[in-house]
Amino acid sequence: MIKAGVIGWPIKHSKSPIIHRHWLLQHQIVGTYDKIAVPSNDLGASLDNLMAQGYAGINVTLPHKMAVLELADYASPAAMAIGAANTVLFKDGKIHADNTDAYGFLKNLMQHAPNWNASAAPALILGAGGAARAVVYGLLDAGAPEVIIANRTYARAQDLAQHFGVKVMAAQWCDIGDVLSVVGTLVNTTSLGMMGQPRLEIDLSHLQNSCLVNDIVYNPLETDLLRHAAQCGCPTVDGLGMLLHQAAPGFKAWFGVKPQVDKDLRDKVLVDL
Ligand code: ATR
């Protein structure tokens, strides 16, 4: 019996069990995937415990994504560059930390916008939090010539730009409208537009209709940003696929099978939103 799970605090709302249990059933693997509530002051001991209990690995969600990286024996290049881990493999008593958010972000765009070419034009990212770090890493990895980060708190955008080097620059939130005219990719990584959060109100009139627009918010699935972008004639991709695809590398590492992100899985997670 192979055991895996997800740790976080709170953990009640995690969708990861739905995803992994779907794949376990689909592949008839004898395994479990548990929700494990772990408070911050218990993280180190919990990791040791899970390893001692024979867990193959875990997903990591808020608030532990950065702290887990500190405790890891090994970290992937993605986890180090993003500064956070969401996927852990326990191997020979050691903690191997990875970050699959950038992978999930890119796979989602490749699946739903197969003609998208990151290297064709600069990208604009809205937001400068943890999700933005993964998206910037993914876009650079995919060959974006330039990534512009616009954030309400400009200093955070500047910090992130500096972290990633010369291809990444910061823009003022009030300049978004002008920057839109030169970008081929637009991604919202802020919480704006999410159920229960304020709306994302930006003027899309300068957006080129070839620009791919992605929102990593997936509840609601069609955000105002995606609806308005579609009305401008832009290709759009919703955020649910990033959540689904980021889960795949962990499943492969723990259970030994590379799973598919198919419509059945998407529908199963959708009904639980
Ligand atoms: P995550 O790790 O999920 O990205 P986060 O670090 O809390 O979460 O970041 C949330 C992002 O949404 C930030 O870029 C935040 O902007 P600030 O850095 O200025 O806080 C952005 N955000 C949240 N509420 C916002 C609002 N009302 N207007 C503009 N941006 C907002």
# chains A, B, ... in the order shown; residues from 1 in each chain; ligands from 1
$ select_by_dssp --residues "stretch 12-244 of chain A" --states "strand (DSSP E)" --output "PyMOL selection string"
chain A and resi 31-37+55-60+74-75+87-91+94-98+123-126+147-151+168-172+185-188+212-215+236-237
$ residues_near_ligand --ligand "ligand 1" --cutoff "7 Å" --atoms "only C-alpha atoms and all ligand atoms" --output "list in words"
Leu126, Gly127, Ala128, Gly129, Gly130, Ala131, Ala132, Asn151, Arg152, Thr153, Arg156, Thr189, Thr190, Ser191, Leu192 and Pro198 of chain A
$ write_last_selection --atoms "all heavy atoms" --output "mmCIF file, in the first residue's frame"
data_model
loop_
_atom_site.group_PDB
_atom_site.id
_atom_site.type_symbol
_atom_site.label_atom_id
_atom_site.label_comp_id
_atom_site.auth_asym_id
_atom_site.auth_seq_id
_atom_site.Cartn_x
_atom_site.Cartn_y
_atom_site.Cartn_z
ATOM 1 N N LEU A 126 0.145 39.998 -13.720
ATOM 2 C CA LEU A 126 -0.476 40.839 -12.697
ATOM 3 C C LEU A 126 -0.297 40.149 -11.356
ATOM 4 O O LEU A 126 -0.712 39.000 -11.187
ATOM 5 C CB LEU A 126 -1.971 41.026 -12.990
ATOM 6 C CG LEU A 126 -2.328 41.495 -14.408
ATOM 7 C CD1 LEU A 126 -3.836 41.641 -14.553
ATOM 8 C CD2 LEU A 126 -1.607 42.796 -14.749
ATOM 9 N N GLY A 127 0.360 40.844 -10.411
ATOM 10 C CA GLY A 127 0.592 40.274 -9.085
ATOM 11 C C GLY A 127 2.047 39.912 -8.879
ATOM 12 O O GLY A 127 2.787 39.688 -9.856
ATOM 13 N N ALA A 128 2.467 39.890 -7.626
ATOM 14 C CA ALA A 128 3.874 39.609 -7.317
ATOM 15 C C ALA A 128 4.001 38.708 -6.087
ATOM 16 O O ALA A 128 4.989 38.778 -5.356
ATOM 17 C CB ALA A 128 4.627 40.928 -7.102
ATOM 18 N N GLY A 129 3.002 37.871 -5.836
ATOM 19 C CA GLY A 129 3.046 36.949 -4.697
ATOM 20 C C GLY A 129 3.680 35.625 -5.089
ATOM 21 O O GLY A 129 4.409 35.523 -6.089
ATOM 22 N N GLY A 130 3.395 34.594 -4.296
ATOM 23 C CA GLY A 130 3.983 33.274 -4.531
ATOM 24 C C GLY A 130 3.599 32.702 -5.886
ATOM 25 O O GLY A 130 4.430 32.122 -6.595
ATOM 26 N N ALA A 131 2.345 32.873 -6.274
ATOM 27 C CA ALA A 131 1.893 32.325 -7.555
ATOM 28 C C ALA A 131 2.620 33.015 -8.710
ATOM 29 O O ALA A 131 2.980 32.376 -9.713
ATOM 30 C CB ALA A 131 0.380 32.502 -7.683
ATOM 31 N N ALA A 132 2.848 34.326 -8.569
ATOM 32 C CA ALA A 132 3.545 35.069 -9.625
ATOM 33 C C ALA A 132 4.960 34.530 -9.811
ATOM 34 O O ALA A 132 5.450 34.425 -10.942
ATOM 35 C CB ALA A 132 3.591 36.559 -9.269
ATOM 36 N N ASN A 151 2.207 45.194 -10.173
ATOM 37 C CA ASN A 151 1.633 44.846 -8.878
ATOM 38 C C ASN A 151 1.176 46.099 -8.154
ATOM 39 O O ASN A 151 1.776 47.160 -8.305
ATOM 40 C CB ASN A 151 2.689 44.116 -8.023
ATOM 41 C CG ASN A 151 2.064 43.434 -6.836
ATOM 42 O OD1 ASN A 151 1.057 42.732 -6.986
ATOM 43 N ND2 ASN A 151 2.621 43.632 -5.655
ATOM 44 N N ARG A 152 0.087 45.946 -7.388
ATOM 45 C CA ARG A 152 -0.421 47.077 -6.594
ATOM 46 C C ARG A 152 0.705 47.676 -5.760
ATOM 47 O O ARG A 152 0.904 48.879 -5.742
ATOM 48 C CB ARG A 152 -1.562 46.585 -5.695
ATOM 49 C CG ARG A 152 -2.055 47.612 -4.714
ATOM 50 C CD ARG A 152 -3.163 47.066 -3.878
ATOM 51 N NE ARG A 152 -2.744 45.907 -3.062
ATOM 52 C CZ ARG A 152 -3.524 45.274 -2.213
ATOM 53 N NH1 ARG A 152 -4.783 45.661 -2.065
ATOM 54 N NH2 ARG A 152 -3.073 44.248 -1.509
ATOM 55 N N THR A 153 1.464 46.806 -5.068
ATOM 56 C CA THR A 153 2.614 47.278 -4.290
ATOM 57 C C THR A 153 3.838 47.167 -5.198
ATOM 58 O O THR A 153 4.381 46.073 -5.410
ATOM 59 C CB THR A 153 2.793 46.403 -3.023
ATOM 60 O OG1 THR A 153 1.538 46.324 -2.355
ATOM 61 C CG2 THR A 153 3.847 46.980 -2.100
ATOM 62 N N ARG A 156 7.114 45.215 -4.391
ATOM 63 C CA ARG A 156 7.123 43.741 -4.503
ATOM 64 C C ARG A 156 7.410 43.315 -5.941
ATOM 65 O O ARG A 156 8.086 42.323 -6.185
ATOM 66 C CB ARG A 156 5.781 43.147 -4.061
ATOM 67 C CG ARG A 156 5.590 43.074 -2.568
ATOM 68 C CD ARG A 156 4.298 42.328 -2.241
ATOM 69 N NE ARG A 156 4.509 40.902 -2.034
ATOM 70 C CZ ARG A 156 3.525 40.017 -1.930
ATOM 71 N NH1 ARG A 156 2.264 40.400 -2.049
ATOM 72 N NH2 ARG A 156 3.790 38.744 -1.732
ATOM 73 N N THR A 189 -2.257 36.695 -11.632
ATOM 74 C CA THR A 189 -1.895 35.833 -10.492
ATOM 75 C C THR A 189 -2.368 36.447 -9.179
ATOM 76 O O THR A 189 -2.024 35.942 -8.119
ATOM 77 C CB THR A 189 -0.368 35.602 -10.409
ATOM 78 O OG1 THR A 189 0.262 36.805 -9.932
ATOM 79 C CG2 THR A 189 0.237 35.202 -11.739
ATOM 80 N N THR A 190 -3.099 37.566 -9.264
ATOM 81 C CA THR A 190 -3.616 38.151 -8.021
ATOM 82 C C THR A 190 -4.875 37.389 -7.603
ATOM 83 O O THR A 190 -5.418 36.583 -8.357
ATOM 84 C CB THR A 190 -3.993 39.640 -8.179
ATOM 85 O OG1 THR A 190 -5.198 39.734 -8.952
ATOM 86 C CG2 THR A 190 -2.885 40.441 -8.849
ATOM 87 N N SER A 191 -5.353 37.710 -6.412
ATOM 88 C CA SER A 191 -6.584 37.079 -5.937
ATOM 89 C C SER A 191 -7.819 37.840 -6.432
ATOM 90 O O SER A 191 -8.948 37.434 -6.136
ATOM 91 C CB SER A 191 -6.563 37.041 -4.411
ATOM 92 O OG SER A 191 -6.164 38.312 -3.911
ATOM 93 N N LEU A 192 -7.607 38.904 -7.186
ATOM 94 C CA LEU A 192 -8.743 39.694 -7.671
ATOM 95 C C LEU A 192 -9.565 38.880 -8.669
ATOM 96 O O LEU A 192 -9.006 38.242 -9.560
ATOM 97 C CB LEU A 192 -8.247 40.983 -8.332
ATOM 98 C CG LEU A 192 -7.520 41.945 -7.397
ATOM 99 C CD1 LEU A 192 -6.960 43.126 -8.180
ATOM 100 C CD2 LEU A 192 -8.453 42.435 -6.309
ATOM 101 N N PRO A 198 -12.506 41.276 -4.314
ATOM 102 C CA PRO A 198 -12.877 42.371 -5.219
ATOM 103 C C PRO A 198 -12.648 42.003 -6.681
ATOM 104 O O PRO A 198 -11.902 41.059 -6.990
ATOM 105 C CB PRO A 198 -11.921 43.505 -4.814
ATOM 106 C CG PRO A 198 -11.357 43.125 -3.502
ATOM 107 C CD PRO A 198 -11.434 41.642 -3.385
#
$ residues_around --residues "stretch 95-99 of chain A" --least-positions-apart "4" --cutoff "9 Å" --atoms "only C-alpha atoms" --output "number ranges by chain"
A: 47, 51, 57, 68-69, 71-80, 82-91, 103, 134, 246, 250
$ residues_around --residues "A:Pro220" --least-positions-apart "4" --cutoff "12 Å" --atoms "only C-alpha atoms" --output "ChimeraX atom specification"
/A:191-197,199,215-216,224-227,238-240,270-271,273
$ closest_atom_pairs --of "stretch 178-251 of chain A" --to "stretch 10-24 of chain A" --cutoff "8 Å" --atoms "only C-alpha atoms" --output "Markdown table"
| residue | atom | partner | partner_atom | distance |
| --- | --- | --- | --- | --- |
| A:Leu244 | CA | A:Ile19 | CA | 7.0 |
| A:Ala247 | CA | A:Ser16 | CA | 7.4 |
| A:Phe251 | CA | A:His20 | CA | 7.0 |
$ write_last_selection --atoms "C-alpha atoms" --output "mmCIF file, in the first residue's frame"
data_model
loop_
_atom_site.group_PDB
_atom_site.id
_atom_site.type_symbol
_atom_site.label_atom_id
_atom_site.label_comp_id
_atom_site.auth_asym_id
_atom_site.auth_seq_id
_atom_site.Cartn_x
_atom_site.Cartn_y
_atom_site.Cartn_z
ATOM 1 C CA LEU A 244 -4.777 19.628 -12.204
ATOM 2 C CA ALA A 247 -0.489 17.372 -9.337
ATOM 3 C CA PHE A 251 1.593 11.239 -8.546
#
$ closest_residue --among "A:Gln158, A:Ser40, A:Gln208, A:Thr223" --to "A:Ala121" --atoms "only C-alpha atoms"
A:Gln208
$ atom_distance --atom1 "atom CA of A:His245" --atom2 "atom CA of A:Val168"
25.1 Å
$ closest_atom_pairs --of "stretch 162-255 of chain A" --to "stretch 141-150 of chain A" --cutoff "6 Å" --atoms "only C-alpha atoms" --output "CSV"
residue,atom,partner,partner_atom,distance
A:Lys167,CA,A:Glu146,CA,4.8
A:Val168,CA,A:Val147,CA,4.7
A:Met169,CA,A:Ile148,CA,4.9
A:Ala170,CA,A:Ile149,CA,4.8
A:Ala171,CA,A:Ala150,CA,4.7
A:Gln172,CA,A:Ala150,CA,5.6
A:Trp173,CA,A:Ala150,CA,5.2
$ write_last_selection --atoms "all heavy atoms" --output "CSV table (one decimal), in the first residue's frame"
chain,number,residue,atom,x,y,z
A,167,LYS,N,15.7,39.8,-17.8
A,167,LYS,CA,14.6,39.7,-18.7
A,167,LYS,C,13.2,40.1,-18.0
A,167,LYS,O,12.2,40.1,-18.6
A,167,LYS,CB,14.4,38.3,-19.2
A,167,LYS,CG,15.5,37.9,-20.2
A,167,LYS,CD,15.2,36.5,-20.7
A,167,LYS,CE,16.1,36.1,-21.8
A,167,LYS,NZ,16.0,34.6,-22.1
A,168,VAL,N,13.3,40.3,-16.7
A,168,VAL,CA,12.1,40.6,-15.9
A,168,VAL,C,12.1,42.0,-15.4
A,168,VAL,O,13.1,42.5,-14.8
A,168,VAL,CB,11.9,39.6,-14.8
A,168,VAL,CG1,10.6,39.8,-14.0
A,168,VAL,CG2,12.0,38.2,-15.3
A,169,MET,N,11.0,42.8,-15.6
A,169,MET,CA,11.0,44.1,-15.1
A,169,MET,C,9.6,44.4,-14.5
A,169,MET,O,8.6,43.7,-14.7
A,169,MET,CB,11.3,45.1,-16.2
A,169,MET,CG,10.6,45.0,-17.5
A,169,MET,SD,11.6,45.6,-18.8
A,169,MET,CE,12.8,44.2,-19.0
A,170,ALA,N,9.7,45.5,-13.6
A,170,ALA,CA,8.5,45.9,-12.9
A,170,ALA,C,7.7,47.0,-13.6
A,170,ALA,O,8.4,47.8,-14.2
A,170,ALA,CB,8.9,46.3,-11.5
A,171,ALA,N,6.4,47.0,-13.5
A,171,ALA,CA,5.6,48.1,-14.0
A,171,ALA,C,4.7,48.6,-12.9
A,171,ALA,O,4.3,47.8,-12.0
A,171,ALA,CB,4.8,47.7,-15.2
A,172,GLN,N,4.3,49.8,-13.0
A,172,GLN,CA,3.3,50.4,-12.0
A,172,GLN,C,1.9,49.8,-12.4
A,172,GLN,O,1.6,49.7,-13.6
A,172,GLN,CB,3.2,51.9,-12.1
A,172,GLN,CG,4.5,52.6,-11.8
A,172,GLN,CD,4.8,52.7,-10.3
A,172,GLN,OE1,3.9,52.3,-9.5
A,172,GLN,NE2,5.9,53.3,-9.9
A,173,TRP,N,1.1,49.6,-11.4
A,173,TRP,CA,-0.3,49.1,-11.6
A,173,TRP,C,-1.1,50.0,-12.6
A,173,TRP,O,-1.8,49.5,-13.4
A,173,TRP,CB,-1.0,48.9,-10.3
A,173,TRP,CG,-2.3,48.2,-10.3
A,173,TRP,CD1,-3.5,48.8,-10.3
A,173,TRP,CD2,-2.5,46.8,-10.4
A,173,TRP,NE1,-4.5,47.8,-10.3
A,173,TRP,CE2,-3.9,46.6,-10.4
A,173,TRP,CE3,-1.6,45.7,-10.5
A,173,TRP,CZ2,-4.4,45.3,-10.5
A,173,TRP,CZ3,-2.2,44.4,-10.6
A,173,TRP,CH2,-3.6,44.2,-10.6
$ select_by_dssp --residues "stretch 42-208 of chain A" --states "alpha helix (DSSP H)" --output "ChimeraX atom specification"
/A:43-52,65-71,77-82,101-112,130-141,154-164,176-179
$ residues_around --residues "A:Asn49" --least-positions-apart "5" --cutoff "12 Å" --atoms "only C-alpha atoms" --output "MDAnalysis selection string"
chainID A and resid 36 38 42:44 54:55 57 90 93
$ residues_around --residues "A:Cys234" --least-positions-apart "2" --cutoff "9 Å" --atoms "only C-alpha atoms" --output "number ranges by chain"
A: 207-213, 226, 228-232, 236
$ atom_distance --atom1 "atom CA of A:Gly138" --atom2 "atom CA of A:Lys252"
20.2 Å
$ residues_around --residues "A:Val6" --least-positions-apart "5" --cutoff "7 Å" --atoms "only C-alpha atoms" --output "PyMOL selection string"
chain A and resi 34-36+58-60
$ atom_distance --atom1 "atom CA of A:Ile125" --atom2 "atom CA of A:Leu186"
6.0 Å
$ closest_residue --among "A:Asp264, A:Val269, A:Gly165, A:Thr185" --to "A:Asn219" --atoms "only C-alpha atoms"
A:Val269
$ closest_residue --among "A:Ala102, A:Met242, A:Leu139, A:Leu124" --to "A:Ser181" --atoms "only C-alpha atoms"
A:Leu124
